[in-house]
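File shown here: query06.cif, holding mmCIF, C-alpha atoms.
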```cif
data_work
loop_
_atom_site.group_PDB
_atom_site.id
_atom_site.type_symbol
_atom_site.label_atom_id
_atom_site.label_comp_id
_atom_site.auth_asym_id
_atom_site.auth_seq_id
_atom_site.Cartn_x
_atom_site.Cartn_y
_atom_site.Cartn_z
ATOM 1 C CA MET A 1 153.430 89.873 142.794
ATOM 2 C CA SER A 2 151.602 92.253 145.103
ATOM 3 C CA ALA A 3 147.874 92.262 145.666
ATOM 4 C CA ASN A 4 147.615 95.638 143.952
ATOM 5 C CA ALA A 5 149.481 94.387 140.899
ATOM 6 C CA THR A 6 147.284 91.328 140.747
ATOM 7 C CA ALA A 7 144.216 93.533 140.946
ATOM 8 C CA GLY A 8 145.579 95.550 138.028
ATOM 9 C CA VAL A 9 145.819 92.469 135.845
ATOM 10 C CA PHE A 10 142.471 90.958 136.868
ATOM 11 C CA PRO A 11 140.454 93.917 138.161
ATOM 12 C CA TYR A 12 137.282 93.114 140.076
ATOM 13 C CA PRO A 13 134.407 95.616 139.992
ATOM 14 C CA PRO A 14 133.306 97.407 143.190
ATOM 15 C CA ALA A 15 130.806 95.548 145.356
ATOM 16 C CA TRP A 16 127.813 97.644 144.225
ATOM 17 C CA LYS A 17 128.615 97.058 140.555
ATOM 18 C CA ASN A 18 129.058 93.355 141.193
ATOM 19 C CA ALA A 19 125.657 93.219 142.911
ATOM 20 C CA ALA A 20 123.931 95.226 140.177
ATOM 21 C CA GLY A 21 125.548 93.086 137.484
ATOM 22 C CA THR A 22 124.501 89.907 139.245
ATOM 23 C CA ILE A 23 120.887 91.081 139.531
ATOM 24 C CA SER A 24 120.878 92.048 135.835
ATOM 25 C CA ALA A 25 122.360 88.674 134.910
ATOM 26 C CA VAL A 26 119.794 86.724 136.936
ATOM 27 C CA LEU A 27 116.882 88.656 135.416
ATOM 28 C CA MET A 28 118.146 88.124 131.876
ATOM 29 C CA ALA A 29 118.972 84.471 132.534
ATOM 30 C CA VAL A 30 115.397 83.801 133.645
ATOM 31 C CA VAL A 31 113.903 85.577 130.631
ATOM 32 C CA PHE A 32 116.154 83.896 128.078
ATOM 33 C CA PHE A 33 116.035 80.449 129.663
ATOM 34 C CA VAL A 34 112.224 80.442 129.688
ATOM 35 C CA ALA A 35 112.160 81.749 126.122
ATOM 36 C CA GLY A 36 114.756 79.268 124.870
ATOM 37 C CA ALA A 37 113.244 76.268 126.646
ATOM 38 C CA TRP A 38 109.815 77.113 125.206
ATOM 39 C CA LYS A 39 111.223 77.373 121.683
ATOM 40 C CA LEU A 40 112.944 73.993 122.040
ATOM 41 C CA THR A 41 110.002 72.185 123.624
ATOM 42 C CA GLU A 42 107.495 73.643 121.121
ATOM 43 C CA PRO A 43 109.573 73.856 117.927
ATOM 44 C CA PHE A 44 106.641 73.491 115.543
ATOM 45 C CA LEU A 45 104.586 76.201 117.244
ATOM 46 C CA PHE A 46 107.554 78.578 117.206
ATOM 47 C CA SER A 47 108.231 77.813 113.540
ATOM 48 C CA GLN A 48 104.646 78.904 112.804
ATOM 49 C CA LEU A 49 105.342 82.200 114.539
ATOM 50 C CA LEU A 50 108.465 82.707 112.432
ATOM 51 C CA GLY A 51 106.423 82.027 109.303
ATOM 52 C CA GLU A 52 104.024 84.795 110.306
ATOM 53 C CA LEU A 53 107.042 87.073 110.749
ATOM 54 C CA ARG A 54 107.917 86.545 107.065
ATOM 55 C CA VAL A 55 110.743 84.066 107.570
ATOM 56 C CA PRO A 56 110.930 81.818 104.450
ATOM 57 C CA ALA A 57 109.040 78.550 104.980
ATOM 58 C CA ASP A 58 112.104 76.349 104.448
ATOM 59 C CA LEU A 59 113.983 78.185 107.194
ATOM 60 C CA THR A 60 111.347 78.467 109.937
ATOM 61 C CA LEU A 61 112.041 75.150 111.677
ATOM 62 C CA PRO A 62 115.881 75.115 111.511
ATOM 63 C CA LEU A 63 116.042 78.805 112.413
ATOM 64 C CA GLY A 64 113.616 78.258 115.281
ATOM 65 C CA LEU A 65 115.770 75.475 116.683
ATOM 66 C CA ALA A 66 118.922 77.579 116.291
ATOM 67 C CA VAL A 67 117.334 80.531 118.083
ATOM 68 C CA GLY A 68 116.076 78.287 120.878
ATOM 69 C CA ILE A 69 119.545 76.798 121.363
ATOM 70 C CA ALA A 70 121.164 80.259 121.315
ATOM 71 C CA ASP A 71 118.679 81.685 123.836
ATOM 72 C CA THR A 72 119.182 78.754 126.207
ATOM 73 C CA ILE A 73 122.977 78.706 126.083
ATOM 74 C CA ALA A 74 123.052 82.504 126.531
ATOM 75 C CA ALA A 75 120.994 82.094 129.707
ATOM 76 C CA LEU A 76 123.303 79.385 131.054
ATOM 77 C CA LEU A 77 126.435 81.412 130.303
ATOM 78 C CA ILE A 78 125.260 84.668 131.846
ATOM 79 C CA ILE A 79 124.140 83.038 135.102
ATOM 80 C CA VAL A 80 127.624 81.606 135.804
ATOM 81 C CA PRO A 81 129.998 84.375 136.986
ATOM 82 C CA GLY A 82 132.975 82.832 135.206
ATOM 83 C CA TRP A 83 131.108 82.783 131.866
ATOM 84 C CA ARG A 84 129.027 85.930 132.345
ATOM 85 C CA ARG A 85 130.757 88.135 129.799
ATOM 86 C CA TRP A 86 130.400 85.494 127.095
ATOM 87 C CA GLY A 87 126.718 85.142 127.898
ATOM 88 C CA ALA A 88 126.217 88.912 127.876
ATOM 89 C CA ILE A 89 127.911 89.215 124.487
ATOM 90 C CA LEU A 90 125.795 86.418 122.967
ATOM 91 C CA MET A 91 122.610 87.813 124.506
ATOM 92 C CA SER A 92 123.372 91.309 123.212
ATOM 93 C CA VAL A 93 124.024 90.004 119.714
ATOM 94 C CA LEU A 94 120.717 88.101 119.758
ATOM 95 C CA LEU A 95 118.732 91.120 120.951
ATOM 96 C CA VAL A 96 120.302 93.399 118.340
ATOM 97 C CA ALA A 97 119.578 90.795 115.654
ATOM 98 C CA TYR A 98 115.936 90.471 116.766
ATOM 99 C CA MET A 99 115.413 94.234 116.807
ATOM 100 C CA GLY A 100 117.272 94.686 113.541
ATOM 101 C CA TYR A 101 115.145 92.123 111.694
ATOM 102 C CA LEU A 102 111.888 93.546 113.050
ATOM 103 C CA GLY A 103 113.060 97.096 112.328
ATOM 104 C CA ILE A 104 113.923 96.306 108.709
ATOM 105 C CA ASN A 105 110.521 94.649 108.212
ATOM 106 C CA TYR A 106 108.601 96.994 110.500
ATOM 107 C CA HIS A 107 106.048 98.269 107.966
ATOM 108 C CA ALA A 108 105.067 94.730 106.978
ATOM 109 C CA LEU A 109 105.063 93.334 110.516
ATOM 110 C CA ALA A 110 103.623 96.213 112.586
ATOM 111 C CA GLY A 111 100.806 94.937 114.775
ATOM 112 C CA LYS A 112 101.635 91.246 114.339
ATOM 113 C CA GLU A 113 102.070 89.046 117.393
ATOM 114 C CA CYS A 114 105.669 88.417 118.381
ATOM 115 C CA ASN A 115 105.399 86.039 121.315
ATOM 116 C CA CYS A 116 109.036 85.017 121.365
ATOM 117 C CA PHE A 117 108.830 85.042 125.150
ATOM 118 C CA PRO A 118 106.001 82.830 126.467
ATOM 119 C CA ILE A 119 103.407 84.155 128.896
ATOM 120 C CA VAL A 120 104.163 87.758 127.825
ATOM 121 C CA LYS A 121 101.999 88.657 124.825
ATOM 122 C CA ARG A 122 103.739 91.191 122.608
ATOM 123 C CA THR A 123 103.046 92.736 119.231
ATOM 124 C CA VAL A 124 105.452 94.384 116.826
ATOM 125 C CA GLY A 125 105.378 98.052 117.759
ATOM 126 C CA PRO A 126 107.204 100.734 119.756
ATOM 127 C CA GLY A 127 106.602 98.925 123.057
ATOM 128 C CA LEU A 128 108.440 95.836 121.824
ATOM 129 C CA PHE A 129 111.538 97.856 120.917
ATOM 130 C CA ILE A 130 111.473 99.644 124.268
ATOM 131 C CA GLY A 131 111.279 96.320 126.116
ATOM 132 C CA ASP A 132 114.091 94.787 124.070
ATOM 133 C CA THR A 133 116.239 97.894 124.579
ATOM 134 C CA VAL A 134 115.797 97.589 128.355
ATOM 135 C CA MET A 135 116.871 93.939 128.144
ATOM 136 C CA LEU A 136 119.853 94.927 126.009
ATOM 137 C CA VAL A 137 120.960 97.470 128.631
ATOM 138 C CA LEU A 138 120.649 94.848 131.395
ATOM 139 C CA ALA A 139 122.703 92.365 129.366
ATOM 140 C CA ILE A 140 125.408 94.961 128.713
ATOM 141 C CA LEU A 141 125.580 95.968 132.390
ATOM 142 C CA ALA A 142 125.833 92.320 133.421
ATOM 143 C CA GLY A 143 128.743 91.904 131.032
ATOM 144 C CA ILE A 144 130.781 95.029 131.719
ATOM 145 C CA TRP A 145 130.424 94.617 135.489
ATOM 146 C CA ALA A 146 131.598 91.000 135.414
ATOM 147 C CA ARG A 147 135.115 89.665 135.597
ATOM 148 C CA ARG A 148 136.842 88.286 132.539
ATOM 149 C CA SER A 149 135.310 85.003 131.383
ATOM 150 C CA SER A 150 137.280 81.754 131.514
ATOM 151 C CA GLY A 151 136.677 78.016 131.512
ATOM 152 C CA ILE A 152 135.957 77.381 127.856
ATOM 153 C CA ARG A 153 135.746 73.605 128.341
ATOM 154 C CA GLY A 154 132.933 73.938 130.850
ATOM 155 C CA ALA A 155 131.085 76.346 128.568
ATOM 156 C CA LEU A 156 131.422 73.934 125.652
ATOM 157 C CA ALA A 157 130.092 71.126 127.852
ATOM 158 C CA ALA A 158 127.050 73.284 128.667
ATOM 159 C CA PHE A 159 126.568 73.941 124.956
ATOM 160 C CA ALA A 160 126.718 70.211 124.250
ATOM 161 C CA ALA A 161 124.127 69.561 126.945
ATOM 162 C CA VAL A 162 121.786 72.117 125.338
ATOM 163 C CA LEU A 163 122.254 70.423 121.952
ATOM 164 C CA VAL A 164 121.337 67.047 123.448
ATOM 165 C CA PHE A 165 118.244 68.547 125.078
ATOM 166 C CA ALA A 166 117.240 70.232 121.804
ATOM 167 C CA ALA A 167 117.611 66.981 119.855
ATOM 168 C CA ALA A 168 115.585 65.035 122.409
ATOM 169 C CA ALA A 169 112.828 67.661 122.537
ATOM 170 C CA TYR A 170 112.629 67.769 118.747
ATOM 171 C CA GLY A 171 112.403 63.980 118.564
ATOM 172 C CA VAL A 172 109.563 63.899 121.076
ATOM 173 C CA ASN A 173 107.650 66.622 119.220
ATOM 174 C CA ALA A 174 108.230 65.040 115.816
ATOM 175 C CA ALA A 175 106.883 61.720 117.074
ATOM 176 C CA LYS A 176 103.919 63.416 118.761
ATOM 177 C CA ASN A 177 103.039 65.333 115.603
ATOM 178 C CA SER A 178 103.423 62.432 113.206
ATOM 179 C CA GLY A 179 100.469 60.303 112.193
ATOM 180 C CA VAL A 180 98.156 61.390 114.985
ATOM 181 C CA ALA A 181 94.499 60.499 114.600
ATOM 182 C CA ALA A 182 92.009 63.301 114.045
ATOM 183 C CA PRO A 183 88.968 63.402 116.359
ATOM 184 C CA SER A 184 86.155 61.791 114.397
ATOM 185 C CA PRO A 185 83.345 62.086 113.561
ATOM 186 C CA ILE A 186 82.743 65.817 113.361
ATOM 187 C CA ALA A 187 79.695 67.820 112.389
ATOM 188 C CA VAL A 188 79.952 68.924 108.767
ATOM 189 C CA ASP A 189 77.211 71.173 107.447
ATOM 190 C CA GLY A 190 75.111 70.048 110.407
ATOM 191 C CA LYS A 191 75.540 66.284 109.934
ATOM 192 C CA PRO A 192 77.998 63.735 111.403
ATOM 193 C CA TYR A 193 80.967 63.188 109.108
ATOM 194 C CA SER A 194 83.680 60.562 109.483
ATOM 195 C CA LEU A 195 87.274 61.598 108.819
ATOM 196 C CA ASP A 196 88.492 57.992 108.835
ATOM 197 C CA GLN A 197 88.255 57.301 105.106
ATOM 198 C CA GLY A 198 90.235 58.672 102.161
ATOM 199 C CA HIS A 199 91.974 61.978 101.735
ATOM 200 C CA VAL A 200 90.717 64.967 103.724
ATOM 201 C CA PHE A 201 92.249 68.425 103.997
ATOM 202 C CA LEU A 202 91.301 70.435 107.095
ATOM 203 C CA PHE A 203 91.639 74.167 106.492
ATOM 204 C CA PHE A 204 91.553 76.300 109.641
ATOM 205 C CA TYR A 205 90.894 79.967 108.903
ATOM 206 C CA ASN A 206 89.712 83.248 110.357
ATOM 207 C CA PRO A 207 87.070 84.891 108.113
ATOM 208 C CA SER A 208 88.454 88.357 108.893
ATOM 209 C CA CYS A 209 92.086 87.392 108.190
ATOM 210 C CA LEU A 210 93.423 88.749 104.885
ATOM 211 C CA HIS A 211 96.124 86.081 104.818
ATOM 212 C CA CYS A 212 93.419 83.395 105.157
ATOM 213 C CA ASP A 213 91.406 85.047 102.400
ATOM 214 C CA ALA A 214 94.382 85.059 100.031
ATOM 215 C CA ALA A 215 95.189 81.417 100.879
ATOM 216 C CA ALA A 216 91.602 80.315 100.214
ATOM 217 C CA ARG A 217 91.514 82.150 96.862
ATOM 218 C CA ARG A 218 94.717 80.400 95.768
ATOM 219 C CA MET A 219 93.422 77.001 96.875
ATOM 220 C CA SER A 220 90.153 77.578 94.994
ATOM 221 C CA LYS A 221 92.180 77.296 91.797
ATOM 222 C CA TYR A 222 93.822 73.970 92.710
ATOM 223 C CA ASP A 223 92.989 70.837 90.773
ATOM 224 C CA TRP A 224 92.057 68.691 93.774
ATOM 225 C CA LYS A 225 92.144 64.941 93.208
ATOM 226 C CA ASP A 226 90.110 62.622 95.435
ATOM 227 C CA THR A 227 90.379 65.040 98.371
ATOM 228 C CA THR A 228 87.590 66.457 100.501
ATOM 229 C CA VAL A 229 88.297 69.949 101.782
ATOM 230 C CA ILE A 230 86.717 70.852 105.120
ATOM 231 C CA ALA A 231 86.948 74.476 106.245
ATOM 232 C CA LEU A 232 86.886 75.217 109.982
ATOM 233 C CA PRO A 233 86.588 78.846 111.135
ATOM 234 C CA THR A 234 88.645 79.725 114.216
ATOM 235 C CA GLU A 235 86.558 82.841 114.852
ATOM 236 C CA SER A 236 83.254 84.380 113.703
ATOM 237 C CA PRO A 237 81.599 81.160 112.485
ATOM 238 C CA GLU A 238 78.604 83.181 111.299
ATOM 239 C CA TRP A 239 80.772 84.443 108.428
ATOM 240 C CA ALA A 240 81.840 80.970 107.253
ATOM 241 C CA ALA A 241 79.399 80.724 104.335
ATOM 242 C CA SER A 242 80.187 84.195 103.004
ATOM 243 C CA PHE A 243 83.933 83.549 103.317
ATOM 244 C CA LEU A 244 83.729 80.452 101.135
ATOM 245 C CA HIS A 245 81.424 82.219 98.669
ATOM 246 C CA ASP A 246 83.692 85.261 98.339
ATOM 247 C CA THR A 247 86.924 83.269 97.999
ATOM 248 C CA GLY A 248 85.447 80.638 95.673
ATOM 249 C CA LEU A 249 86.886 77.786 97.742
ATOM 250 C CA LYS A 250 84.760 74.665 97.271
ATOM 251 C CA ALA A 251 84.752 73.171 100.751
ATOM 252 C CA LEU A 252 82.467 71.696 103.348
ATOM 253 C CA THR A 253 82.071 73.619 106.602
ATOM 254 C CA SER A 254 82.533 72.316 110.127
ATOM 255 C CA LEU A 255 82.192 74.315 113.309
ATOM 256 C CA ASP A 256 83.943 71.623 115.389
ATOM 257 C CA THR A 257 87.150 73.659 115.350
ATOM 258 C CA ALA A 258 87.752 73.337 119.097
ATOM 259 C CA LYS A 259 87.394 69.563 118.882
ATOM 260 C CA GLU A 260 90.088 69.282 116.203
ATOM 261 C CA ARG A 261 92.380 71.721 117.990
ATOM 262 C CA THR A 262 92.614 69.377 120.962
ATOM 263 C CA VAL A 263 94.928 67.338 118.726
ATOM 264 C CA PHE A 264 96.210 69.797 116.123
ATOM 265 C CA HIS A 265 97.933 72.656 117.931
ATOM 266 C CA PHE A 266 98.714 75.924 116.194
ATOM 267 C CA MET A 267 98.949 79.577 117.113
ATOM 268 C CA ASN A 268 97.127 81.443 114.377
ATOM 269 C CA ALA A 269 95.242 80.710 111.172
ATOM 270 C CA PRO A 270 95.631 79.860 108.374
ATOM 271 C CA TYR A 271 96.661 76.318 109.159
ATOM 272 C CA GLY A 272 96.104 73.071 107.293
ATOM 273 C CA VAL A 273 96.195 69.361 108.065
ATOM 274 C CA ALA A 274 96.178 66.688 105.380
ATOM 275 C CA LEU A 275 94.550 63.462 106.617
ATOM 276 C CA GLU A 276 94.803 59.992 105.131
ATOM 277 C CA ASN A 277 92.263 57.529 106.515
ATOM 278 C CA GLY A 278 91.819 59.725 109.561
ATOM 279 C CA ARG A 279 95.502 60.200 110.412
ATOM 280 C CA GLU A 280 97.753 63.153 109.865
ATOM 281 C CA LYS A 281 99.859 62.856 106.739
ATOM 282 C CA ALA A 282 101.163 66.423 106.574
ATOM 283 C CA VAL A 283 100.680 69.745 108.328
ATOM 284 C CA ILE A 284 100.913 73.099 106.601
ATOM 285 C CA ALA A 285 101.598 76.205 108.632
ATOM 286 C CA ASP A 286 102.908 78.392 105.794
ATOM 287 C CA PHE A 287 100.567 79.668 103.111
ATOM 288 C CA ASP A 288 102.806 81.682 100.812
ATOM 289 C CA ASP A 289 102.857 81.702 97.016
ATOM 290 C CA SER A 290 104.300 78.183 96.795
ATOM 291 C CA GLN A 291 102.431 76.630 99.710
ATOM 292 C CA PRO A 292 100.341 74.640 100.354
ATOM 293 C CA ALA A 293 100.419 73.578 96.686
ATOM 294 C CA ARG A 294 103.934 72.158 96.873
ATOM 295 C CA THR A 295 103.203 69.950 99.873
ATOM 296 C CA LEU A 296 99.755 68.879 98.677
ATOM 297 C CA ARG A 297 101.161 67.976 95.274
ATOM 298 C CA SER A 298 103.997 65.967 96.807
ATOM 299 C CA ILE A 299 101.537 63.788 98.799
ATOM 300 C CA GLY A 300 99.121 63.385 95.895
ATOM 301 C CA TYR A 301 96.226 65.543 97.109
ATOM 302 C CA VAL A 302 96.283 67.943 94.156
ATOM 303 C CA ARG A 303 97.463 67.602 90.580
#
```
Take the structure in this file and express it as C-alpha cells.
Amino acid sequence: MSANATAGVFPYPPAWKNAAGTISAVLMAVVFFVAGAWKLTEPFLFSQLLGELRVPADLTLPLGLAVGIADTIAALLIIVPGWRRWGAILMSVLLVAYMGYLGINYHALAGKECNCFPIVKRTVGPGLFIGDTVMLVLAILAGIWARRSSGIRGALAAFAAVLVFAAAAYGVNAAKNSGVAAPSPIAVDGKPYSLDQGHVFLFFYNPSCLHCDAAARRMSKYDWKDTTVIALPTESPEWAASFLHDTGLKALTSLDTAKERTVFHFMNAPYGVALENGREKAVIADFDDSQPARTLRSIGYVR
C-alpha cells in the first residue's frame, strides 16, 4: 500500500493543527488533573460544595468521587496522543454536563461559589459559563486535531490506577475525619468550657446567611436530649446574640471558631459537628428539610 493510501486511511493533521491541538490538550490536562486530584484528595470538602449547589445530600459524596475520577481520567487520556480523542470526548461531555446542570438551576444558584477548580475562585454567573465554553472549545480542538485513538488496554489500566488512587485517598480522609478530638477547652459565653464530657453539638453559622437562619429555626424546634448546643459564628460575631434571639435556637455562644476550625475543616456555613466525650461522632454539612434531624436522631442527640 502506498504512503498516500495509508495517509488516506489514517490521516494525520497538518503540523500547525497538531501543535495547536497539543497545546490545547496540555492546557486542559493541567486544569482537569488539578481539579480531579483536588476532588479526590478532599472528598468531604467537595461534597459540601455539591450540597450548596443543591445536589441531594445522599448523593453529594458518591457523586463527588465520581466527578473527581472522571476529571482525572479525562486529564490522563487527553495528554497521551494515542488516547487524546477519548479524553477530549469525555472532557467535553463533563463540561456540557456541568454547564447544563448550572444552567437548569441558574436562578437558584446565581451568585453561589462554584470552586470546582481549586485556586480559581468562581461564582455561578455569566463569567463561569464563558470560562467553561472556552475550555469546551479547547477540548474539542484537541480532539478533532488528534489522530484516531487506540490502545484500549492501556487506557483501562490508567482508569484502574485512578480508581486505586481514589480509594486510597478516600480511606485516608475517612480515617482523618473519624473520631478526631475537638480542641478543648473553649471560651463559651466568656468562660472556659470543656468539650470532653457528654454530648455536644457545635453549630457553625454566619449570622447574615439565610440558609443558616433557616437551619437554626428548624433546630430550635428539636427535642434535644442530653445535648449541649454551642453556636460558633464564622463571621460578624457581634451579631451572635441577635441571631440566636431571632431564630429561637437555645444555644451557648463561643467565639473560638478559628480554634475549632483547625480540626474541623469546611468551606461554608452552616456546618455541624456532633461530639461525644470530646470526639467527633458525626459531621453534618447538609442542612435541608430532613437534616440535621435525621443524623442527630440516629445517634441519639434528639428525640
Exercise for the section: Run the PyMOL selection byres ((chain A and resi 65-77) around 10) against the file shown and list the residues it catches, as a PyMOL selection string. Expected result: chain A and resi 25-44+46-47+60-64+78-92+94-95+116+149+154-156+158-163+165-167+170
Exercise: residues within 12 Å of coordinate (86.0, 77.3, 108.7), counting only C-alpha atoms, as an mmCIF file with C-alpha atoms, keeping the file's coordinate frame:
```
data_model
loop_
_atom_site.group_PDB
_atom_site.id
_atom_site.type_symbol
_atom_site.label_atom_id
_atom_site.label_comp_id
_atom_site.auth_asym_id
_atom_site.auth_seq_id
_atom_site.Cartn_x
_atom_site.Cartn_y
_atom_site.Cartn_z
ATOM 1 C CA ALA A 187 79.695 67.820 112.389
ATOM 2 C CA VAL A 188 79.952 68.924 108.767
ATOM 3 C CA ASP A 189 77.211 71.173 107.447
ATOM 4 C CA PHE A 201 92.249 68.425 103.997
ATOM 5 C CA LEU A 202 91.301 70.435 107.095
ATOM 6 C CA PHE A 203 91.639 74.167 106.492
ATOM 7 C CA PHE A 204 91.553 76.300 109.641
ATOM 8 C CA TYR A 205 90.894 79.967 108.903
ATOM 9 C CA ASN A 206 89.712 83.248 110.357
ATOM 10 C CA PRO A 207 87.070 84.891 108.113
ATOM 11 C CA SER A 208 88.454 88.357 108.893
ATOM 12 C CA CYS A 209 92.086 87.392 108.190
ATOM 13 C CA CYS A 212 93.419 83.395 105.157
ATOM 14 C CA ASP A 213 91.406 85.047 102.400
ATOM 15 C CA ALA A 216 91.602 80.315 100.214
ATOM 16 C CA VAL A 229 88.297 69.949 101.782
ATOM 17 C CA ILE A 230 86.717 70.852 105.120
ATOM 18 C CA ALA A 231 86.948 74.476 106.245
ATOM 19 C CA LEU A 232 86.886 75.217 109.982
ATOM 20 C CA PRO A 233 86.588 78.846 111.135
ATOM 21 C CA THR A 234 88.645 79.725 114.216
ATOM 22 C CA GLU A 235 86.558 82.841 114.852
ATOM 23 C CA SER A 236 83.254 84.380 113.703
ATOM 24 C CA PRO A 237 81.599 81.160 112.485
ATOM 25 C CA GLU A 238 78.604 83.181 111.299
ATOM 26 C CA TRP A 239 80.772 84.443 108.428
ATOM 27 C CA ALA A 240 81.840 80.970 107.253
ATOM 28 C CA ALA A 241 79.399 80.724 104.335
ATOM 29 C CA SER A 242 80.187 84.195 103.004
ATOM 30 C CA PHE A 243 83.933 83.549 103.317
ATOM 31 C CA LEU A 244 83.729 80.452 101.135
ATOM 32 C CA LEU A 249 86.886 77.786 97.742
ATOM 33 C CA LYS A 250 84.760 74.665 97.271
ATOM 34 C CA ALA A 251 84.752 73.171 100.751
ATOM 35 C CA LEU A 252 82.467 71.696 103.348
ATOM 36 C CA THR A 253 82.071 73.619 106.602
ATOM 37 C CA SER A 254 82.533 72.316 110.127
ATOM 38 C CA LEU A 255 82.192 74.315 113.309
ATOM 39 C CA ASP A 256 83.943 71.623 115.389
ATOM 40 C CA THR A 257 87.150 73.659 115.350
ATOM 41 C CA ALA A 258 87.752 73.337 119.097
ATOM 42 C CA GLU A 260 90.088 69.282 116.203
ATOM 43 C CA ALA A 269 95.242 80.710 111.172
ATOM 44 C CA PRO A 270 95.631 79.860 108.374
ATOM 45 C CA TYR A 271 96.661 76.318 109.159
ATOM 46 C CA GLY A 272 96.104 73.071 107.293
#
```
Exercise for the section: Identify, on the basis of only C-alpha atoms, every residue whose closest approach to A:Arg279 does not exceed 10 Å; exclude the query and any residue fewer than 4 positions from it along the same chain; express the result as a PyMOL selection string. Expected result: chain A and resi 178-183+195-200+273-275
Handout entry: Interatomic distance (Å, one decimal) between atom CA of A:Pro126 and atom CA of A:Gln48
Key =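 Atom CA of A:Gln48 lies at a distance of 23.1 Å from atom CA of A:Pro126.
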Test item: axis-aligned box, all listed atoms of stretch 252-260 of chain A, 5 Å on each side, centre and edges in Å rounded to one decimal, as lines of an AutoDock Vina configuration file:
```
center_x = 86.1
center_y = 71.8
center_z = 111.2
size_x = 18.0
size_y = 15.0
size_z = 25.7
```
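Taking all atoms listed in the file into account, A:Trp16 lies nearest to A:Ala146 out of the set A:Ala146, A:Val137, A:Ala57, A:Val96.
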